[in-house]
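As stored in query-v3.pdb (PDB, C-alpha atoms):
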MODEL        1
ATOM      1  CA  MET U   1       2.089 -27.895  26.214  1.00  0.00           C
ATOM      2  CA  ILE U   2       2.672 -26.550  29.706  1.00  0.00           C
ATOM      3  CA  ASN U   3       1.635 -22.998  30.502  1.00  0.00           C
ATOM      4  CA  PRO U   4       4.637 -21.273  32.181  1.00  0.00           C
ATOM      5  CA  ILE U   5       2.397 -19.025  34.285  1.00  0.00           C
ATOM      6  CA  ASN U   6       0.108 -21.771  35.553  1.00  0.00           C
ATOM      7  CA  PRO U   7       1.750 -25.204  35.143  1.00  0.00           C
ATOM      8  CA  ARG U   8      -1.457 -27.056  36.012  1.00  0.00           C
ATOM      9  CA  ALA U   9      -3.404 -25.378  33.161  1.00  0.00           C
ATOM     10  CA  ARG U  10      -2.924 -27.215  29.882  1.00  0.00           C
ATOM     11  CA  GLN U  11      -3.233 -25.612  26.461  1.00  0.00           C
ATOM     12  CA  ASP U  12      -3.855 -27.327  23.176  1.00  0.00           C
ATOM     13  CA  ALA U  13      -2.214 -26.337  19.915  1.00  0.00           C
ATOM     14  CA  PHE U  14      -5.070 -23.944  19.118  1.00  0.00           C
ATOM     15  CA  GLY U  15      -5.382 -22.351  22.548  1.00  0.00           C
ATOM     16  CA  SER U  16      -3.870 -19.086  21.425  1.00  0.00           C
ATOM     17  CA  LYS U  17      -6.633 -18.589  18.846  1.00  0.00           C
ATOM     18  CA  ILE U  18      -9.611 -19.384  21.041  1.00  0.00           C
ATOM     19  CA  ASN U  19     -11.536 -16.542  22.639  1.00  0.00           C
ATOM     20  CA  ARG U  20     -10.300 -13.894  20.192  1.00  0.00           C
ATOM     21  CA  ASP U  21     -12.291 -11.346  18.238  1.00  0.00           C
ATOM     22  CA  HIS U  22     -11.659  -8.439  15.861  1.00  0.00           C
ATOM     23  CA  SER U  23     -11.341  -4.983  17.322  1.00  0.00           C
ATOM     24  CA  PRO U  24     -14.394  -3.007  16.105  1.00  0.00           C
ATOM     25  CA  ALA U  25     -12.442   0.263  16.181  1.00  0.00           C
ATOM     26  CA  LEU U  26      -9.765  -1.166  13.907  1.00  0.00           C
ATOM     27  CA  ALA U  27     -12.151  -3.150  11.726  1.00  0.00           C
ATOM     28  CA  PHE U  28     -14.375  -0.216  10.855  1.00  0.00           C
ATOM     29  CA  GLY U  29     -12.302   2.868  11.620  1.00  0.00           C
ATOM     30  CA  LEU U  30      -8.909   2.165  10.077  1.00  0.00           C
ATOM     31  CA  PRO U  31      -9.977   2.598   6.419  1.00  0.00           C
ATOM     32  CA  TRP U  32     -11.659   5.896   7.204  1.00  0.00           C
ATOM     33  CA  VAL U  33      -8.736   7.203   9.259  1.00  0.00           C
ATOM     34  CA  SER U  34      -6.194   6.244   6.595  1.00  0.00           C
ATOM     35  CA  ILE U  35      -8.160   8.108   3.901  1.00  0.00           C
ATOM     36  CA  LEU U  36      -8.577  11.130   6.157  1.00  0.00           C
ATOM     37  CA  LEU U  37      -4.838  11.156   6.881  1.00  0.00           C
ATOM     38  CA  GLY U  38      -4.228  11.011   3.128  1.00  0.00           C
ATOM     39  CA  SER U  39      -6.327  14.173   2.801  1.00  0.00           C
ATOM     40  CA  LEU U  40      -3.840  15.972   5.033  1.00  0.00           C
ATOM     41  CA  THR U  41      -0.938  15.556   2.588  1.00  0.00           C
ATOM     42  CA  PRO U  42      -1.407  19.056   1.083  1.00  0.00           C
ATOM     43  CA  LEU U  43      -0.192  20.343   4.447  1.00  0.00           C
ATOM     44  CA  LEU U  44       3.264  18.886   3.770  1.00  0.00           C
ATOM     45  CA  PRO U  45       5.866  21.571   3.056  1.00  0.00           C
ATOM     46  CA  ILE U  46       6.413  20.731  -0.611  1.00  0.00           C
ATOM     47  CA  ILE U  47       6.846  23.663  -2.965  1.00  0.00           C
ATOM     48  CA  ALA U  48       6.616  22.965  -6.680  1.00  0.00           C
ATOM     49  CA  PRO U  49       6.007  25.276  -9.651  1.00  0.00           C
ATOM     50  CA  ALA U  50       3.466  22.836 -11.108  1.00  0.00           C
ATOM     51  CA  PRO U  51       1.091  20.297  -9.569  1.00  0.00           C
ATOM     52  CA  LEU U  52       3.209  17.342  -8.563  1.00  0.00           C
ATOM     53  CA  LEU U  53       1.775  15.677  -5.464  1.00  0.00           C
ATOM     54  CA  PRO U  54      -0.751  12.949  -6.313  1.00  0.00           C
ATOM     55  CA  PRO U  55      -4.197  13.025  -4.716  1.00  0.00           C
ATOM     56  CA  ILE U  56      -3.183  10.622  -1.943  1.00  0.00           C
ATOM     57  CA  ALA U  57      -6.607  10.429  -0.277  1.00  0.00           C
ATOM     58  CA  PHE U  58      -8.253   9.534  -3.585  1.00  0.00           C
ATOM     59  CA  VAL U  59      -5.618   6.879  -4.298  1.00  0.00           C
ATOM     60  CA  ILE U  60      -6.031   5.399  -0.805  1.00  0.00           C
ATOM     61  CA  MET U  61      -9.808   5.352  -1.261  1.00  0.00           C
ATOM     62  CA  LEU U  62      -9.418   3.577  -4.618  1.00  0.00           C
ATOM     63  CA  ALA U  63      -7.060   1.036  -3.064  1.00  0.00           C
ATOM     64  CA  TRP U  64      -9.405   0.321  -0.131  1.00  0.00           C
ATOM     65  CA  ARG U  65     -12.403   0.037  -2.443  1.00  0.00           C
ATOM     66  CA  GLN U  66     -10.598  -2.338  -4.795  1.00  0.00           C
ATOM     67  CA  LEU U  67      -9.121  -4.439  -1.993  1.00  0.00           C
ATOM     68  CA  ARG U  68     -12.335  -4.737   0.051  1.00  0.00           C
ATOM     69  CA  PRO U  69     -15.316  -3.853  -2.179  1.00  0.00           C
ATOM     70  CA  GLY U  70     -17.979  -3.950   0.541  1.00  0.00           C
ATOM     71  CA  LEU U  71     -16.026  -2.084   3.204  1.00  0.00           C
ATOM     72  CA  LEU U  72     -16.800   1.508   2.194  1.00  0.00           C
ATOM     73  CA  PRO U  73     -20.481   2.240   1.570  1.00  0.00           C
ATOM     74  CA  LEU U  74     -21.531   4.305  -1.437  1.00  0.00           C
ATOM     75  CA  TRP U  75     -22.352   7.302   0.742  1.00  0.00           C
ATOM     76  CA  ALA U  76     -18.743   7.388   2.023  1.00  0.00           C
ATOM     77  CA  GLY U  77     -17.826   9.763  -0.804  1.00  0.00           C
ATOM     78  CA  LEU U  78     -19.736  12.560   0.901  1.00  0.00           C
ATOM     79  CA  PRO U  79     -17.819  12.821   4.209  1.00  0.00           C
ATOM     80  CA  LEU U  80     -14.477  11.750   2.721  1.00  0.00           C
ATOM     81  CA  GLY U  81     -14.776  14.193  -0.170  1.00  0.00           C
ATOM     82  CA  ALA U  82     -15.882  17.005   2.148  1.00  0.00           C
ATOM     83  CA  PHE U  83     -12.868  16.458   4.406  1.00  0.00           C
ATOM     84  CA  ASP U  84     -10.595  16.356   1.353  1.00  0.00           C
ATOM     85  CA  ASP U  85     -12.093  19.595   0.052  1.00  0.00           C
ATOM     86  CA  LEU U  86     -11.241  21.335   3.308  1.00  0.00           C
ATOM     87  CA  PHE U  87      -7.521  20.640   2.915  1.00  0.00           C
ATOM     88  CA  SER U  88      -6.931  20.307  -0.833  1.00  0.00           C
ATOM     89  CA  GLY U  89      -7.708  23.885  -1.825  1.00  0.00           C
ATOM     90  CA  GLN U  90     -10.329  22.757  -4.325  1.00  0.00           C
ATOM     91  CA  PRO U  91     -13.743  24.438  -4.380  1.00  0.00           C
ATOM     92  CA  PHE U  92     -16.006  22.885  -1.781  1.00  0.00           C
ATOM     93  CA  GLY U  93     -18.071  20.147  -3.371  1.00  0.00           C
ATOM     94  CA  SER U  94     -15.610  19.014  -6.024  1.00  0.00           C
ATOM     95  CA  GLY U  95     -14.129  16.302  -3.813  1.00  0.00           C
ATOM     96  CA  ILE U  96     -17.593  15.272  -2.664  1.00  0.00           C
ATOM     97  CA  LEU U  97     -18.716  14.837  -6.263  1.00  0.00           C
ATOM     98  CA  LEU U  98     -15.537  13.148  -7.498  1.00  0.00           C
ATOM     99  CA  PHE U  99     -15.194  10.755  -4.540  1.00  0.00           C
ATOM    100  CA  SER U 100     -18.881   9.829  -4.798  1.00  0.00           C
ATOM    101  CA  LEU U 101     -18.724   9.308  -8.567  1.00  0.00           C
ATOM    102  CA  ALA U 102     -15.626   7.163  -8.165  1.00  0.00           C
ATOM    103  CA  LEU U 103     -17.306   4.949  -5.560  1.00  0.00           C
ATOM    104  CA  ILE U 104     -20.400   4.595  -7.742  1.00  0.00           C
ATOM    105  CA  GLY U 105     -18.255   3.857 -10.810  1.00  0.00           C
ATOM    106  CA  LEU U 106     -16.227   1.227  -8.954  1.00  0.00           C
ATOM    107  CA  ASP U 107     -19.438  -0.359  -7.681  1.00  0.00           C
ATOM    108  CA  LEU U 108     -20.819  -0.538 -11.227  1.00  0.00           C
ATOM    109  CA  LEU U 109     -17.562  -2.052 -12.476  1.00  0.00           C
ATOM    110  CA  ASP U 110     -17.639  -4.654  -9.701  1.00  0.00           C
ATOM    111  CA  MET U 111     -21.186  -5.609 -10.648  1.00  0.00           C
ATOM    112  CA  ARG U 112     -20.236  -5.951 -14.331  1.00  0.00           C
ATOM    113  CA  PHE U 113     -16.813  -7.563 -13.875  1.00  0.00           C
ATOM    114  CA  PRO U 114     -16.691  -9.443 -10.539  1.00  0.00           C
ATOM    115  CA  TRP U 115     -13.287 -10.982 -11.307  1.00  0.00           C
ATOM    116  CA  ARG U 116     -10.181  -8.878 -11.176  1.00  0.00           C
ATOM    117  CA  GLY U 117      -6.456  -8.954 -10.635  1.00  0.00           C
ATOM    118  CA  PHE U 118      -3.739  -6.492  -9.768  1.00  0.00           C
ATOM    119  CA  TRP U 119      -3.144  -5.363 -13.350  1.00  0.00           C
ATOM    120  CA  GLN U 120      -6.849  -4.795 -13.895  1.00  0.00           C
ATOM    121  CA  ASP U 121      -7.058  -2.829 -10.658  1.00  0.00           C
ATOM    122  CA  TRP U 122      -4.086  -0.725 -11.715  1.00  0.00           C
ATOM    123  CA  PHE U 123      -5.658  -0.078 -15.134  1.00  0.00           C
ATOM    124  CA  VAL U 124      -8.994   0.902 -13.558  1.00  0.00           C
ATOM    125  CA  ALA U 125      -7.219   3.104 -11.023  1.00  0.00           C
ATOM    126  CA  SER U 126      -5.301   4.852 -13.818  1.00  0.00           C
ATOM    127  CA  GLY U 127      -8.557   5.673 -15.596  1.00  0.00           C
ATOM    128  CA  PHE U 128     -10.143   7.004 -12.421  1.00  0.00           C
ATOM    129  CA  LEU U 129      -7.004   9.002 -11.569  1.00  0.00           C
ATOM    130  CA  ALA U 130      -6.872  10.587 -15.023  1.00  0.00           C
ATOM    131  CA  ALA U 131     -10.545  11.527 -14.814  1.00  0.00           C
ATOM    132  CA  TYR U 132     -10.090  12.837 -11.247  1.00  0.00           C
ATOM    133  CA  LEU U 133      -7.142  15.066 -12.163  1.00  0.00           C
ATOM    134  CA  VAL U 134      -8.812  16.529 -15.276  1.00  0.00           C
ATOM    135  CA  LEU U 135     -12.162  17.088 -13.559  1.00  0.00           C
ATOM    136  CA  ALA U 136     -10.471  18.582 -10.481  1.00  0.00           C
ATOM    137  CA  ALA U 137      -8.644  21.015 -12.780  1.00  0.00           C
ATOM    138  CA  LEU U 138     -11.943  21.927 -14.454  1.00  0.00           C
ATOM    139  CA  PHE U 139     -13.677  22.460 -11.108  1.00  0.00           C
ATOM    140  CA  SER U 140     -10.861  24.708  -9.919  1.00  0.00           C
ATOM    141  CA  GLY U 141     -11.515  27.063 -12.829  1.00  0.00           C
ATOM    142  CA  ALA U 142      -8.369  26.301 -14.802  1.00  0.00           C
ATOM    143  CA  GLN U 143      -8.437  26.453 -18.574  1.00  0.00           C
ATOM    144  CA  VAL U 144      -7.719  22.896 -19.644  1.00  0.00           C
ATOM    145  CA  SER U 145      -5.481  23.279 -22.676  1.00  0.00           C
ATOM    146  CA  PHE U 146      -2.613  21.289 -24.075  1.00  0.00           C
ATOM    147  CA  GLN U 147      -0.138  23.238 -21.934  1.00  0.00           C
ATOM    148  CA  GLN U 148      -2.223  22.626 -18.810  1.00  0.00           C
ATOM    149  CA  LEU U 149      -2.495  18.905 -19.565  1.00  0.00           C
ATOM    150  CA  SER U 150       1.236  18.658 -20.200  1.00  0.00           C
ATOM    151  CA  ALA U 151       1.864  20.400 -16.863  1.00  0.00           C
ATOM    152  CA  MET U 152      -0.400  17.836 -15.168  1.00  0.00           C
ATOM    153  CA  LEU U 153       1.386  14.880 -16.796  1.00  0.00           C
ATOM    154  CA  PRO U 154       4.060  14.513 -14.044  1.00  0.00           C
ATOM    155  CA  GLN U 155       1.338  14.495 -11.394  1.00  0.00           C
ATOM    156  CA  PHE U 156      -0.557  11.802 -13.298  1.00  0.00           C
ATOM    157  CA  LEU U 157       2.568   9.685 -13.800  1.00  0.00           C
ATOM    158  CA  LEU U 158       3.526  10.032 -10.138  1.00  0.00           C
ATOM    159  CA  SER U 159      -0.019   9.034  -9.188  1.00  0.00           C
ATOM    160  CA  LEU U 160       0.257   5.927 -11.363  1.00  0.00           C
ATOM    161  CA  LEU U 161       3.597   5.007  -9.851  1.00  0.00           C
ATOM    162  CA  THR U 162       2.412   5.483  -6.282  1.00  0.00           C
ATOM    163  CA  TYR U 163      -0.729   3.367  -6.738  1.00  0.00           C
ATOM    164  CA  PRO U 164       1.058  -0.004  -6.275  1.00  0.00           C
ATOM    165  CA  ILE U 165       2.894   1.319  -3.222  1.00  0.00           C
ATOM    166  CA  ILE U 166      -0.301   2.628  -1.693  1.00  0.00           C
ATOM    167  CA  ALA U 167      -2.170  -0.577  -2.582  1.00  0.00           C
ATOM    168  CA  ARG U 168       0.512  -2.557  -0.774  1.00  0.00           C
ATOM    169  CA  MET U 169       0.301  -0.205   2.214  1.00  0.00           C
ATOM    170  CA  VAL U 170      -3.489  -0.616   2.264  1.00  0.00           C
ATOM    171  CA  SER U 171      -3.144  -4.410   2.200  1.00  0.00           C
ATOM    172  CA  GLN U 172      -0.843  -4.187   5.227  1.00  0.00           C
ATOM    173  CA  LEU U 173      -3.357  -1.914   6.960  1.00  0.00           C
ATOM    174  CA  ASP U 174      -6.055  -4.451   6.120  1.00  0.00           C
ATOM    175  CA  ARG U 175      -3.993  -7.135   7.819  1.00  0.00           C
ATOM    176  CA  MET U 176      -3.706  -4.938  10.887  1.00  0.00           C
ATOM    177  CA  ARG U 177      -7.432  -4.182  10.683  1.00  0.00           C
ATOM    178  CA  LEU U 178      -8.289  -7.876  10.837  1.00  0.00           C
ATOM    179  CA  PHE U 179      -5.871  -8.650  13.651  1.00  0.00           C
ATOM    180  CA  ARG U 180      -7.620 -10.554  16.388  1.00  0.00           C
ATOM    181  CA  VAL U 181      -7.409  -9.289  19.939  1.00  0.00           C
ATOM    182  CA  ARG U 182      -8.031 -11.346  23.028  1.00  0.00           C
ATOM    183  CA  ARG U 183     -11.454 -10.895  24.601  1.00  0.00           C
ATOM    184  CA  VAL U 184     -11.526 -10.475  28.359  1.00  0.00           C
ATOM    185  CA  ARG U 185     -14.332 -12.190  30.203  1.00  0.00           C
TER
ENDMDL
END
Take the structure in this file and express it as structure tokens.
Amino acid sequence: MINPINPRARQDAFGSKINRDHSPALAFGLPWVSILLGSLTPLLPIIAPAPLLPPIAFVIMLAWRQLRPGLLPLWAGLPLGAFDDLFSGQPFGSGILLFSLALIGLDLLDMRFPWRGFWQDWFVASGFLAAYLVLAALFSGAQVSFQQLSAMLPQFLLSLLTYPIIARMVSQLDRMRLFRVRRVR
């Protein structure tokens, strides 16, 4: 194949893939930035009489953790939960505890059941989302009664329905994260 810029330089079929490396900023920073941007969703101008918006940052964290188990360390729940607490309106520390417990729980599940598929991930995510919503309501000081749980049901169902969409978005972000850039010598 002739190089149009330099006709004397020849390239083989694999020349475009030689001398390429992953961008460290994308490889390590993109999961964190996407979760932090998910924490900013309470700033959206959505007014509802009952809780409706799913905990997007928590869902993104679950999707990243299930897609790439070793990418987020166990201590990641502390800074991610603290940032989420600043914008979610929850008492400070509830997000730290819930994000950390979720990461520890997912790590224990991965050690016990190393195989998994999409349906299993969705089932596990639904359990973690249900626990997150109920525990977040308890930490906020709400009286968890049948009426309160029925008011939280649309938020839980919307969270379950958005999980596959967010998991797909995270897989596309993972593709972008692993994109190889050309190294300059």
Take atom CA of Phe28 of chain U and atom CA of Leu129 of chain U and report the distance between them in Å, one decimal. 25.3 Å
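Residue nearest Leu101 of chain U within the list U:Leu62, U:Ile166, U:Leu157, U:Leu138: U:Leu62 [criterion: smallest interatomic distance, all atoms listed in the file].
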Quick one: residues within 9 Å of segment 167-174 of chain U, all atoms listed in the file counted, chain neighbours fewer than 2 positions away excluded, as a VMD selection string? chain U and resid 27 30 to 31 34 59 to 60 62 to 64 66 to 68 162 to 165 176 to 179
Between U:Phe87, U:Ile35, U:Leu71, U:Gly93, which one has atoms that come closest to Ser140 of chain U, using all atoms listed in the file?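 Residue with the minimum atom-to-atom distance to Ser140 of chain U: U:Gly93.
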Residue among U:Asp121, U:Ile56, U:Gly81, U:Ala25 lying closest to Pro69 of chain U, counting all atoms listed in the file: U:Asp121
Give me the residues near Gly127 of chain U as a list in words, where near means some atom within 12 Å (using all atoms listed in the file) and where sequence neighbours in that chain fewer than 4 positions away do not count. Val59, Leu62, Ala102, Gly105, Leu106, Gln120, Asp121, Trp122, Phe123, Ala131, Tyr132, Leu133, Val134, Phe156, Leu157, Ser159 and Leu160 of chain U
Atom pair atom CA of Ala142 of chain U + atom CA of Leu44 of chain U, distance 23.1 Å
Do a neighbour search on segment 148-152 of chain U at 7 Å with all atoms listed in the file, toss out local chain neighbours closer than 3 positions, and write the hits as a PyMOL selection string. chain U and resi 50-51+144-145+155-156
Go through U:Leu40, U:Ile96, U:Val124, U:Leu26 one by one, measure the shortest atom-to-atom distance of each to Leu109 of chain U using all atoms listed in the file, and give the residue with the smallest value.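 Once distances to Leu109 of chain U are computed over all atoms listed in the file, the minimum belongs to U:Val124.
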At what distance in Å, to one decimal, does atom CA of Ala137 of chain U lie from atom CA of Ile47 of chain U?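 Distance between the two atoms: 18.5 Å.
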To verify the selection step, state as a list in words which residues the PyMOL selection byres ((chain U and resi 103) around 9) yields on this input.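 In the shown coordinates, the PyMOL selection byres ((chain U and resi 103) around 9) covers Met61, Leu62, Arg65, Leu72, Pro73, Leu74, Trp75, Ala76, Gly77, Leu98, Phe99, Ser100, Leu101, Ala102, Ile104, Gly105, Leu106, Asp107 and Leu108 of chain U.
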My structure is short of atoms at segment 61-87 of chain U; please model N, CA, C and O atoms there, returning them as a short mmCIF file (atom, residue, chain, number, x, y, z; two decimals), in the frame of the given file.
data_model
loop_
_atom_site.label_atom_id
_atom_site.label_comp_id
_atom_site.auth_asym_id
_atom_site.auth_seq_id
_atom_site.Cartn_x
_atom_site.Cartn_y
_atom_site.Cartn_z
N MET U 61 -8.42 5.78 -1.17
CA MET U 61 -9.81 5.35 -1.26
C MET U 61 -9.99 4.33 -2.39
O MET U 61 -10.68 3.32 -2.21
N LEU U 62 -9.36 4.55 -3.53
CA LEU U 62 -9.42 3.58 -4.62
C LEU U 62 -8.83 2.23 -4.19
O LEU U 62 -9.40 1.18 -4.49
N ALA U 63 -7.71 2.28 -3.49
CA ALA U 63 -7.06 1.04 -3.06
C ALA U 63 -7.93 0.28 -2.07
O ALA U 63 -8.07 -0.95 -2.16
N TRP U 64 -8.53 0.99 -1.10
CA TRP U 64 -9.40 0.32 -0.13
C TRP U 64 -10.62 -0.27 -0.84
O TRP U 64 -11.04 -1.39 -0.55
N ARG U 65 -11.19 0.50 -1.76
CA ARG U 65 -12.40 0.04 -2.44
C ARG U 65 -12.11 -1.17 -3.33
O ARG U 65 -12.94 -2.06 -3.47
N GLN U 66 -10.93 -1.21 -3.94
CA GLN U 66 -10.60 -2.34 -4.80
C GLN U 66 -10.14 -3.55 -3.99
O GLN U 66 -10.35 -4.68 -4.41
N LEU U 67 -9.54 -3.32 -2.83
CA LEU U 67 -9.12 -4.44 -1.99
C LEU U 67 -10.31 -5.08 -1.29
O LEU U 67 -10.45 -6.30 -1.28
N ARG U 68 -11.15 -4.27 -0.68
CA ARG U 68 -12.34 -4.74 0.05
C ARG U 68 -13.56 -4.02 -0.50
O ARG U 68 -13.94 -2.96 -0.01
N PRO U 69 -14.21 -4.57 -1.52
CA PRO U 69 -15.32 -3.85 -2.18
C PRO U 69 -16.48 -3.48 -1.27
O PRO U 69 -17.09 -2.45 -1.46
N GLY U 70 -16.82 -4.27 -0.29
CA GLY U 70 -17.98 -3.95 0.54
C GLY U 70 -17.67 -3.14 1.78
O GLY U 70 -18.56 -2.86 2.58
N LEU U 71 -16.43 -2.75 1.96
CA LEU U 71 -16.03 -2.08 3.20
C LEU U 71 -16.52 -0.64 3.28
O LEU U 71 -17.05 -0.22 4.30
N LEU U 72 -16.34 0.12 2.22
CA LEU U 72 -16.80 1.51 2.19
C LEU U 72 -18.16 1.57 1.53
O LEU U 72 -18.32 1.13 0.40
N PRO U 73 -19.16 2.12 2.20
CA PRO U 73 -20.48 2.24 1.57
C PRO U 73 -20.46 3.31 0.48
O PRO U 73 -19.53 4.12 0.40
N LEU U 74 -21.48 3.33 -0.35
CA LEU U 74 -21.53 4.30 -1.44
C LEU U 74 -21.60 5.74 -0.92
O LEU U 74 -21.09 6.65 -1.56
N TRP U 75 -22.23 5.95 0.22
CA TRP U 75 -22.35 7.30 0.74
C TRP U 75 -21.06 7.81 1.36
O TRP U 75 -20.98 8.96 1.79
N ALA U 76 -20.01 6.98 1.41
CA ALA U 76 -18.74 7.39 2.02
C ALA U 76 -18.06 8.51 1.25
O ALA U 76 -17.22 9.22 1.80
N GLY U 77 -18.42 8.69 -0.02
CA GLY U 77 -17.83 9.76 -0.80
C GLY U 77 -18.17 11.14 -0.27
O GLY U 77 -17.39 12.09 -0.42
N LEU U 78 -19.32 11.26 0.36
CA LEU U 78 -19.74 12.56 0.90
C LEU U 78 -18.83 13.04 2.03
O LEU U 78 -18.21 14.11 1.92
N PRO U 79 -18.68 12.29 3.14
CA PRO U 79 -17.82 12.82 4.21
C PRO U 79 -16.34 12.82 3.84
O PRO U 79 -15.60 13.74 4.20
N LEU U 80 -15.89 11.80 3.10
CA LEU U 80 -14.48 11.75 2.72
C LEU U 80 -14.13 12.86 1.75
O LEU U 80 -13.08 13.51 1.86
N GLY U 81 -15.01 13.10 0.78
CA GLY U 81 -14.78 14.19 -0.17
C GLY U 81 -14.85 15.56 0.48
O GLY U 81 -14.09 16.47 0.14
N ALA U 82 -15.77 15.72 1.45
CA ALA U 82 -15.88 17.00 2.15
C ALA U 82 -14.62 17.29 2.96
O ALA U 82 -14.11 18.41 2.96
N PHE U 83 -14.10 16.27 3.64
CA PHE U 83 -12.87 16.46 4.41
C PHE U 83 -11.70 16.76 3.47
O PHE U 83 -10.85 17.61 3.77
N ASP U 84 -11.66 16.10 2.32
CA ASP U 84 -10.60 16.36 1.35
C ASP U 84 -10.70 17.76 0.79
O ASP U 84 -9.68 18.42 0.55
N ASP U 85 -11.91 18.23 0.56
CA ASP U 85 -12.09 19.60 0.05
C ASP U 85 -11.58 20.64 1.03
O ASP U 85 -11.09 21.70 0.61
N LEU U 86 -11.68 20.36 2.31
CA LEU U 86 -11.24 21.34 3.31
C LEU U 86 -9.74 21.56 3.26
O LEU U 86 -9.25 22.64 3.59
N PHE U 87 -8.98 20.53 2.87
CA PHE U 87 -7.52 20.64 2.92
C PHE U 87 -6.86 20.69 1.55
O PHE U 87 -5.69 21.01 1.45
#
